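Peer 1: Shown below is the structure under consideration.
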Amino acid sequence: MTTGLADLEPAQRHRAIADDFAKYVAATDDWDAQSPVEGWVARDVVRHLVEWFPSFLADGGITLESSPSVDDDPAVAWAAHAGAVQALLDGGDAQSEFTHPRAGTYPLSTAIDMFYTADVFMHTWDLARSSGVTPELDEQFASNLLAGMAPIEEMLRSSGQYGPAKPVADDASAVVKLAAFIGRDPA
């Protein structure tokens, strides 16, 4: 994975994280393999990312180009979806104001970065682990995400989007600590 994700602009960061996720998509041999997310198989990890974000954008008045079905071909669906998101970030409207009724108002690129790109980063763990691989993720970026999420832990957990935190050793890496924080068992 590209080092220094925290130092990149939102469009660059999305490209790097989406490309990294695509490596694990390409390496997935069994789309029905259990992922670390309870009740999800590998295909569901891709489905989640492809399906939730267009609705998020639509709530703020942005239409994202639709992607092919994840059921037909998760790799093709991911490539189309990631390309459509990248086109938004690379386009002239990336700095325009985006208002989501529940998330607030941000430049569009910031909203994508905060809510979506970070999600892709965290779900890279899930997709890789569904294939029995421990992903190589940017430690500093994981540390930054964890530092931003820890103060709002109660809100995150009560949203139902994160399971209970799992215990990890004090000297665990930032990536392992982040996975445990969002409810994944790093073991």
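In the structure tokens, chains take letters A, B, ... by order of appearance, with residues numbered from 1 within each chain and ligands from 1 in the order shown.
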Please give the complete set of residues from segment 17-104 of chain A that DSSP, run on the backbone, assigns to strand (DSSP E or B), formatted as an MDAnalysis selection string.
Peer 2: chainID A and resid 34 41 97:100 104
Peer 1: Atoms to include: N, CA, C and O atoms. Write the selected residues as a PDB file, in the first residue's frame.
Peer 2:
```pdb
ATOM      1  N   GLN A  34     -16.503 -16.592   4.193  1.00  0.00           N
ATOM      2  CA  GLN A  34     -16.914 -15.758   5.325  1.00  0.00           C
ATOM      3  C   GLN A  34     -15.939 -14.601   5.507  1.00  0.00           C
ATOM      4  O   GLN A  34     -14.734 -14.775   5.418  1.00  0.00           O
ATOM      5  N   VAL A  41     -20.316 -12.446   3.561  1.00  0.00           N
ATOM      6  CA  VAL A  41     -19.268 -13.149   2.831  1.00  0.00           C
ATOM      7  C   VAL A  41     -18.478 -12.102   2.053  1.00  0.00           C
ATOM      8  O   VAL A  41     -18.840 -10.923   2.040  1.00  0.00           O
ATOM      9  N   GLU A  97     -20.003  22.724  -2.423  1.00  0.00           N
ATOM     10  CA  GLU A  97     -20.615  22.405  -1.136  1.00  0.00           C
ATOM     11  C   GLU A  97     -21.551  21.211  -1.287  1.00  0.00           C
ATOM     12  O   GLU A  97     -22.362  21.146  -2.210  1.00  0.00           O
ATOM     13  N   PHE A  98     -21.430  20.270  -0.368  1.00  0.00           N
ATOM     14  CA  PHE A  98     -22.288  19.088  -0.321  1.00  0.00           C
ATOM     15  C   PHE A  98     -22.954  19.066   1.040  1.00  0.00           C
ATOM     16  O   PHE A  98     -22.266  19.111   2.060  1.00  0.00           O
ATOM     17  N   THR A  99     -24.266  19.022   1.054  1.00  0.00           N
ATOM     18  CA  THR A  99     -25.005  18.983   2.320  1.00  0.00           C
ATOM     19  C   THR A  99     -25.783  17.690   2.410  1.00  0.00           C
ATOM     20  O   THR A  99     -26.649  17.407   1.572  1.00  0.00           O
ATOM     21  N   HIS A 100     -25.465  16.914   3.409  1.00  0.00           N
ATOM     22  CA  HIS A 100     -26.192  15.680   3.698  1.00  0.00           C
ATOM     23  C   HIS A 100     -27.107  15.959   4.887  1.00  0.00           C
ATOM     24  O   HIS A 100     -26.667  16.574   5.869  1.00  0.00           O
ATOM     25  N   GLY A 104     -24.210  16.683   7.658  1.00  0.00           N
ATOM     26  CA  GLY A 104     -23.761  18.069   7.651  1.00  0.00           C
ATOM     27  C   GLY A 104     -23.297  18.545   6.292  1.00  0.00           C
ATOM     28  O   GLY A 104     -23.523  17.891   5.273  1.00  0.00           O
TER      29      GLY A 104
END
```
Peer 1: Among segment 2-156 of chain A, which residues carry a DSSP assignment of alpha helix (DSSP H), reported as an MDAnalysis selection string?
Peer 2: chainID A and resid 10:27 42:59 74:90 108:111 118:130 139:149 153:156
Peer 1: Find the residue from A:Asp119, A:Asp59, A:Glu136, A:Asp73 that sits nearest to Thr105 of chain A; use only C-alpha atoms when measuring.
Peer 2: A:Asp59
Peer 1: Residues within 10 Å of Leu145 of chain A, please, as a list in words. Count only C-alpha atoms; anything in the same chain fewer than 2 positions from it doesn't count.
Peer 2: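 Once the adjacent positions are removed, what remains is Ala6, Met114, Ala118, Phe121, Met122, Glu139, Gln140, Phe141, Ala142, Ser143, Ala147, Gly148, Met149, Ala150, Ala174, Val175 and Leu178 of chain A.
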Peer 1: Give the answer as one residue: which of A:Leu127, A:Ala82, A:Leu5, A:Ala165 has the shortest atom-to-atom distance to Asp44 of chain A, using only C-alpha atoms?
Peer 2: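 The shortest atom-to-atom distance to Asp44 of chain A comes from A:Leu127.
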Peer 1: For a quick check of understanding, using only C-alpha atoms, which of A:Leu137, A:Leu57, A:Ala11, A:Ala16 has the smallest distance to Val176 of chain A?
Peer 2: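 Result for the nearest residue to Val176 of chain A: A:Leu137.
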Peer 1: Could you work out how far atom CA of Lys23 of chain A lies from atom CA of Val85 of chain A, giving the answer in Å with one decimal?
Peer 2: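 For atom CA of Val85 of chain A relative to atom CA of Lys23 of chain A, the distance reads 17.3 Å.
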Peer 1: Within 9 Å of Ile17 of chain A, counting only C-alpha atoms, which residues show up once you throw out same-chain ones fewer than 5 positions away? Write them as a PDB file with N, CA, C and O atoms, in the first residue's frame, please.
Peer 2:
```
ATOM      1  N   MET A   1       0.854  -1.183   0.000  1.00  0.00           N
ATOM      2  CA  MET A   1       0.000   0.000   0.000  1.00  0.00           C
ATOM      3  C   MET A   1       0.888   1.230   0.000  1.00  0.00           C
ATOM      4  O   MET A   1       1.958   1.249   0.592  1.00  0.00           O
ATOM      5  N   THR A   2       0.446   2.258  -0.626  1.00  0.00           N
ATOM      6  CA  THR A   2       1.165   3.514  -0.663  1.00  0.00           C
ATOM      7  C   THR A   2       1.312   4.041   0.758  1.00  0.00           C
ATOM      8  O   THR A   2       0.358   4.068   1.517  1.00  0.00           O
ATOM      9  N   LEU A   5      -0.627   7.969   3.328  1.00  0.00           N
ATOM     10  CA  LEU A   5      -2.012   8.276   2.952  1.00  0.00           C
ATOM     11  C   LEU A   5      -2.522   9.528   3.636  1.00  0.00           C
ATOM     12  O   LEU A   5      -3.272  10.297   3.046  1.00  0.00           O
ATOM     13  N   GLN A  12      -6.350  11.918  -4.329  1.00  0.00           N
ATOM     14  CA  GLN A  12      -5.196  11.018  -4.341  1.00  0.00           C
ATOM     15  C   GLN A  12      -5.383   9.875  -3.348  1.00  0.00           C
ATOM     16  O   GLN A  12      -5.041   8.738  -3.630  1.00  0.00           O
ATOM     17  N   ALA A  22      -8.826  -2.871  -4.749  1.00  0.00           N
ATOM     18  CA  ALA A  22      -8.945  -3.613  -6.009  1.00  0.00           C
ATOM     19  C   ALA A  22      -7.961  -4.776  -6.079  1.00  0.00           C
ATOM     20  O   ALA A  22      -8.264  -5.814  -6.681  1.00  0.00           O
ATOM     21  N   THR A 117     -14.142   7.077   1.718  1.00  0.00           N
ATOM     22  CA  THR A 117     -12.791   6.559   1.528  1.00  0.00           C
ATOM     23  C   THR A 117     -12.289   5.868   2.788  1.00  0.00           C
ATOM     24  O   THR A 117     -11.673   4.798   2.710  1.00  0.00           O
ATOM     25  N   ALA A 118     -12.587   6.434   3.941  1.00  0.00           N
ATOM     26  CA  ALA A 118     -12.207   5.792   5.202  1.00  0.00           C
ATOM     27  C   ALA A 118     -12.885   4.432   5.341  1.00  0.00           C
ATOM     28  O   ALA A 118     -12.283   3.475   5.847  1.00  0.00           O
ATOM     29  N   VAL A 120     -13.787   2.428   2.852  1.00  0.00           N
ATOM     30  CA  VAL A 120     -13.093   1.504   1.945  1.00  0.00           C
ATOM     31  C   VAL A 120     -11.814   1.005   2.615  1.00  0.00           C
ATOM     32  O   VAL A 120     -11.512  -0.199   2.588  1.00  0.00           O
ATOM     33  N   PHE A 121     -11.079   1.916   3.235  1.00  0.00           N
ATOM     34  CA  PHE A 121      -9.843   1.538   3.926  1.00  0.00           C
ATOM     35  C   PHE A 121     -10.127   0.467   4.978  1.00  0.00           C
ATOM     36  O   PHE A 121      -9.450  -0.566   5.028  1.00  0.00           O
ATOM     37  N   THR A 124     -11.106  -2.925   3.574  1.00  0.00           N
ATOM     38  CA  THR A 124     -10.018  -3.658   2.942  1.00  0.00           C
ATOM     39  C   THR A 124      -9.571  -4.783   3.862  1.00  0.00           C
ATOM     40  O   THR A 124      -9.268  -5.894   3.410  1.00  0.00           O
TER      41      THR A 124
END
```
Peer 1: Rounded to one decimal, what separation in Å do you get between atom CA of Asp138 of chain A and atom CA of His14 of chain A?
Peer 2: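 Interatomic distance here is 13.2 Å.
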